[in-house]
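Structure first, then comments.
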Amino acid sequence: METFDLDVRRHVYFSIVANGRPPTVVETAEAFGSDATQIEDSYRRLHEAHAFVLFPDTSDVWMAHPWCFSPTPHRVEAAGRVWTATCAWDALGIPGTLHGDGRIESECACCGEPVTLVVRDGVVADGGDLLVHLLVPVRRWWEDIGFT
Amino acid sequence: MVFLRSEEHLSRWLDTNGYEPGATLTVPKMNELARRRYWTKLDPGWEPPAQAEFEALLGELGLVGHFWSLE
C-alpha cells in the first residue's frame, strides 16, 4: 500500500473518531491540500485493498471496520459517542479499537428481542451468556462483506 | 455475524432462514478475537496486517479447521 494511501486511510479513521463520521472526498482533499480526483483515486484503492468499504458506485465511506455508516441492529456507546457497527464482531471491536469500555445494544437475530452487552476493562462484564454466529467461512467474507 | 440468545434461538434462526450452520462463538471468545484483531486499527503507523498474522491469531484462539481457513 502506498504511503499516500496509508496517510489518507489514517486521516479517514482519525476523522471518524474525532467527528463521528468519515470525511468526504472533498473534506479530505482540503485537509491534504490535494485535488479531489487524487483523493477519490486513493479512496478507490483503499476500497479495493479492503482498508475500508465505499457505498456501491460512490466515493462515500460505508464501512471502516469496526464502524458502519448505514443502519444496522448494532449500536455501541463508547468514548462519549453512540456508534453503529457492521456486525456482532465489529460491535465488540469498537471498544477494542478505542481502547476503552463499551455498551452494546443489539438484538437476537432469531426473536428480535433486545440484547445488551457491556465490555469493561477489556472483558465482557454483561451479556457473556449470548452467542455469536458466523454463517460464512472466513476465506469468503470479502465476497459480500455486509453478510458474514 | 449476529448475536443470539441461546442455542435454541440459534437452531430456530438457522431453520427459519434455511441457513447452513457456520461457526458459533461465545461472546467472551468473540470479544477476545475482535479486541486483538482491532487493537492496532488507530495506530499512526498502521499497515495492512499480513494474512499469516491473522492465521496466527485464529490459531492462538483455537479457531482452526476448514471454516477458519484463509485459503
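If you're wondering about the labels, chains in the C-alpha cells are A, B, ... by order shown, residues count from 1 in each chain, ligands from 1 in order shown.
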- request: Find the residues near Val118 of chain A: any atom within 8 Å, counting only C-alpha atoms, skip ones fewer than 4 places away on the same chain, and give them as a list of chain:residue names.
  value: A:Asp101, A:Gly102, A:Arg103, A:Ile104, A:Val124, A:Ala125, A:Asp126, A:Gly127
- request: Find the residues near Thr37 of chain A: any atom within 10 Å, counting only C-alpha atoms, skip ones fewer than 5 places away on the same chain, and give them as a list of chain:residue names.
  value: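 My list of contacting residues is A:Val25, A:Val26, A:Ala29, A:Ser42, A:Tyr43.
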- prompt: chain B residues within 7 Å of chain A, counting only C-alpha atoms: which ones, as a PyMOL selection string?
  reply: chain B and resi 1-6+9-10+12-13+21-28+30-31+34-35+38-42+44+67-71
Write a file of the just-selected residues containing N, CA and C atoms, as a tab-separated table (two decimals), in the first residue's frame.
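Ended up saving to again.tsv:
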```
chain	number	residue	atom	x	y	z
B	1	MET	N	-22.53	-11.59	10.89
B	1	MET	CA	-22.33	-12.15	12.23
B	1	MET	C	-23.35	-11.54	13.17
B	2	VAL	N	-24.06	-12.39	13.85
B	2	VAL	CA	-25.20	-11.94	14.65
B	2	VAL	C	-25.11	-12.46	16.08
B	3	PHE	N	-25.84	-11.76	16.96
B	3	PHE	CA	-25.99	-12.23	18.33
B	3	PHE	C	-27.24	-13.10	18.43
B	4	LEU	N	-27.16	-14.12	19.27
B	4	LEU	CA	-28.31	-14.97	19.54
B	4	LEU	C	-28.36	-15.25	21.04
B	5	ARG	N	-29.59	-15.39	21.54
B	5	ARG	CA	-29.75	-15.52	22.99
B	5	ARG	C	-29.38	-16.90	23.52
B	6	SER	N	-29.49	-17.94	22.68
B	6	SER	CA	-29.23	-19.29	23.18
B	6	SER	C	-29.05	-20.24	22.00
B	9	HIS	N	-32.34	-20.59	20.21
B	9	HIS	CA	-32.62	-19.49	19.26
B	9	HIS	C	-31.76	-19.64	18.01
B	10	LEU	N	-30.53	-20.10	18.19
B	10	LEU	CA	-29.65	-20.32	17.04
B	10	LEU	C	-30.25	-21.37	16.10
B	12	ARG	N	-33.35	-22.34	15.81
B	12	ARG	CA	-34.60	-21.84	15.21
B	12	ARG	C	-34.29	-20.84	14.09
B	13	TRP	N	-33.29	-20.00	14.32
B	13	TRP	CA	-32.92	-18.98	13.32
B	13	TRP	C	-32.37	-19.66	12.06
B	21	PRO	N	-25.47	-24.25	9.04
B	21	PRO	CA	-24.71	-23.77	10.21
B	21	PRO	C	-23.27	-23.42	9.83
B	22	GLY	N	-22.77	-22.34	10.43
B	22	GLY	CA	-21.39	-21.93	10.20
B	22	GLY	C	-20.56	-22.23	11.43
B	23	ALA	N	-20.20	-21.18	12.16
B	23	ALA	CA	-19.43	-21.34	13.39
B	23	ALA	C	-20.07	-20.51	14.49
B	24	THR	N	-20.08	-21.05	15.68
B	24	THR	CA	-20.66	-20.36	16.84
B	24	THR	C	-19.57	-20.08	17.86
B	25	LEU	N	-19.53	-18.86	18.33
B	25	LEU	CA	-18.57	-18.47	19.36
B	25	LEU	C	-19.31	-17.93	20.57
B	26	THR	N	-18.73	-18.12	21.73
B	26	THR	CA	-19.25	-17.42	22.90
B	26	THR	C	-18.89	-15.94	22.75
B	27	VAL	N	-19.63	-15.10	23.44
B	27	VAL	CA	-19.32	-13.67	23.38
B	27	VAL	C	-17.93	-13.36	23.95
B	28	PRO	N	-17.53	-13.97	25.07
B	28	PRO	CA	-16.15	-13.70	25.53
B	28	PRO	C	-15.09	-14.07	24.50
B	30	MET	N	-15.51	-14.14	21.18
B	30	MET	CA	-15.58	-13.16	20.09
B	30	MET	C	-14.98	-11.83	20.53
B	31	ASN	N	-15.19	-11.48	21.80
B	31	ASN	CA	-14.61	-10.24	22.31
B	31	ASN	C	-13.09	-10.30	22.25
B	34	ALA	N	-12.07	-10.02	18.52
B	34	ALA	CA	-12.27	-8.67	17.99
B	34	ALA	C	-11.27	-7.69	18.59
B	35	ARG	N	-11.08	-7.82	19.89
B	35	ARG	CA	-10.18	-6.89	20.59
B	35	ARG	C	-8.75	-7.02	20.07
B	38	TYR	N	-8.46	-5.82	16.33
B	38	TYR	CA	-8.67	-4.39	16.05
B	38	TYR	C	-7.82	-3.46	16.93
B	39	TRP	N	-7.03	-4.01	17.83
B	39	TRP	CA	-6.32	-3.19	18.81
B	39	TRP	C	-5.44	-2.13	18.15
B	40	THR	N	-4.89	-2.44	16.99
B	40	THR	CA	-3.94	-1.52	16.35
B	40	THR	C	-4.57	-0.68	15.23
B	41	LYS	N	-5.90	-0.74	15.09
B	41	LYS	CA	-6.56	-0.04	13.98
B	41	LYS	C	-6.23	1.45	13.93
B	42	LEU	N	-6.04	2.06	15.09
B	42	LEU	CA	-5.80	3.51	15.14
B	42	LEU	C	-4.33	3.86	15.36
B	44	PRO	N	-0.89	5.16	14.52
B	44	PRO	CA	-0.48	6.07	13.42
B	44	PRO	C	0.30	5.34	12.32
B	67	PHE	N	-13.51	-24.05	8.25
B	67	PHE	CA	-14.29	-22.80	8.32
B	67	PHE	C	-13.37	-21.60	8.53
B	68	TRP	N	-12.34	-21.77	9.32
B	68	TRP	CA	-11.47	-20.65	9.69
B	68	TRP	C	-10.27	-20.50	8.77
B	69	SER	N	-10.15	-21.39	7.81
B	69	SER	CA	-9.01	-21.32	6.89
B	69	SER	C	-9.11	-20.09	5.98
B	70	LEU	N	-8.00	-19.43	5.72
B	70	LEU	CA	-7.99	-18.25	4.86
B	70	LEU	C	-7.74	-18.63	3.41
B	71	GLU	N	-7.42	-19.87	3.14
B	71	GLU	CA	-7.14	-20.31	1.76
B	71	GLU	C	-8.34	-21.02	1.18
```
- request: Rank nothing, just name the residue among A:Thr84, A:Asn19, A:Thr58, A:Ala31 nearest to Arg44 of chain A, using only C-alpha atoms.
  value: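 Answer, going by the shortest atom-to-atom distance: A:Thr58.
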- request: For atom CA of Trp62 of chain A and atom CA of Leu63 of chain B, quote the distance in Å rounded to one decimal.
  value: 28.5 Å
query: Among segment 61-93 of chain A, which ones does DSSP place in strand (DSSP E or B), written as number ranges by chain?
result: A: 61-64, 67-68, 74-78, 81-85
Write the residues you've just listed into a file as a CSV table (one decimal), in the first residue's frame, and include C-alpha atoms for each of them.
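Contents of the output file result-v9.csv:
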```csv
chain,number,residue,atom,x,y,z
A,61,VAL,CA,-17.3,5.5,3.1
A,62,TRP,CA,-19.8,2.9,4.0
A,63,MET,CA,-17.8,0.8,6.4
A,64,ALA,CA,-14.5,1.5,8.1
A,67,TRP,CA,-17.7,1.3,12.1
A,68,CYS,CA,-20.6,1.3,9.7
A,74,HIS,CA,-25.8,-2.9,16.5
A,75,ARG,CA,-25.3,0.3,18.4
A,76,VAL,CA,-22.3,0.8,20.6
A,77,GLU,CA,-21.8,3.5,23.2
A,78,ALA,CA,-18.1,4.1,23.7
A,81,ARG,CA,-20.5,8.6,21.3
A,82,VAL,CA,-23.0,6.2,20.0
A,83,TRP,CA,-21.6,4.3,17.0
A,84,THR,CA,-23.1,1.8,14.6
A,85,ALA,CA,-21.3,-1.5,14.0
```
- request: Any chance you could list, as number ranges by chain, the residues in chain B that come up alpha helix (DSSP H) when DSSP is run on the backbone?
  value: B: 7-17, 27-38, 51-60
Expected file: the selected residues, C-alpha atoms, as a JSON list (two decimals), in the first residue's frame:
```
[["chain", "number", "residue", "atom", "x", "y", "z"],
["B", 7, "GLU", "CA", -28.54, -22.50, 21.28],
["B", 8, "GLU", "CA", -32.31, -22.91, 20.93],
["B", 9, "HIS", "CA", -32.62, -19.49, 19.26],
["B", 10, "LEU", "CA", -29.65, -20.32, 17.04],
["B", 11, "SER", "CA", -31.26, -23.56, 15.82],
["B", 12, "ARG", "CA", -34.60, -21.84, 15.21],
["B", 13, "TRP", "CA", -32.92, -18.98, 13.32],
["B", 14, "LEU", "CA", -30.97, -21.37, 11.09],
["B", 15, "ASP", "CA", -34.09, -23.48, 10.38],
["B", 16, "THR", "CA", -36.36, -20.50, 9.73],
["B", 17, "ASN", "CA", -33.94, -18.97, 7.23],
["B", 27, "VAL", "CA", -19.32, -13.67, 23.38],
["B", 28, "PRO", "CA", -16.15, -13.70, 25.53],
["B", 29, "LYS", "CA", -14.31, -15.57, 22.76],
["B", 30, "MET", "CA", -15.58, -13.16, 20.09],
["B", 31, "ASN", "CA", -14.61, -10.24, 22.31],
["B", 32, "GLU", "CA", -11.07, -11.57, 22.59],
["B", 33, "LEU", "CA", -10.85, -12.10, 18.83],
["B", 34, "ALA", "CA", -12.27, -8.67, 17.99],
["B", 35, "ARG", "CA", -10.18, -6.89, 20.59],
["B", 36, "ARG", "CA", -6.91, -8.44, 19.47],
["B", 37, "ARG", "CA", -7.69, -8.07, 15.77],
["B", 38, "TYR", "CA", -8.67, -4.39, 16.05],
["B", 51, "GLN", "CA", -2.51, -12.92, 6.37],
["B", 52, "ALA", "CA", -0.10, -15.00, 8.43],
["B", 53, "GLU", "CA", -0.69, -12.68, 11.37],
["B", 54, "PHE", "CA", -4.45, -13.27, 11.20],
["B", 55, "GLU", "CA", -3.93, -17.00, 10.83],
["B", 56, "ALA", "CA", -1.71, -17.00, 13.90],
["B", 57, "LEU", "CA", -4.32, -15.12, 15.93],
["B", 58, "LEU", "CA", -7.06, -17.54, 14.90],
["B", 59, "GLY", "CA", -4.80, -20.45, 15.82],
["B", 60, "GLU", "CA", -3.97, -18.97, 19.23]]
```
Atom CA of Ala18 of chain A to atom CA of Phe52 of chain A, distance in Å rounded to a single decimal: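 Answer for the atom CA of Ala18 of chain A to atom CA of Phe52 of chain A separation: 17.3 Å.
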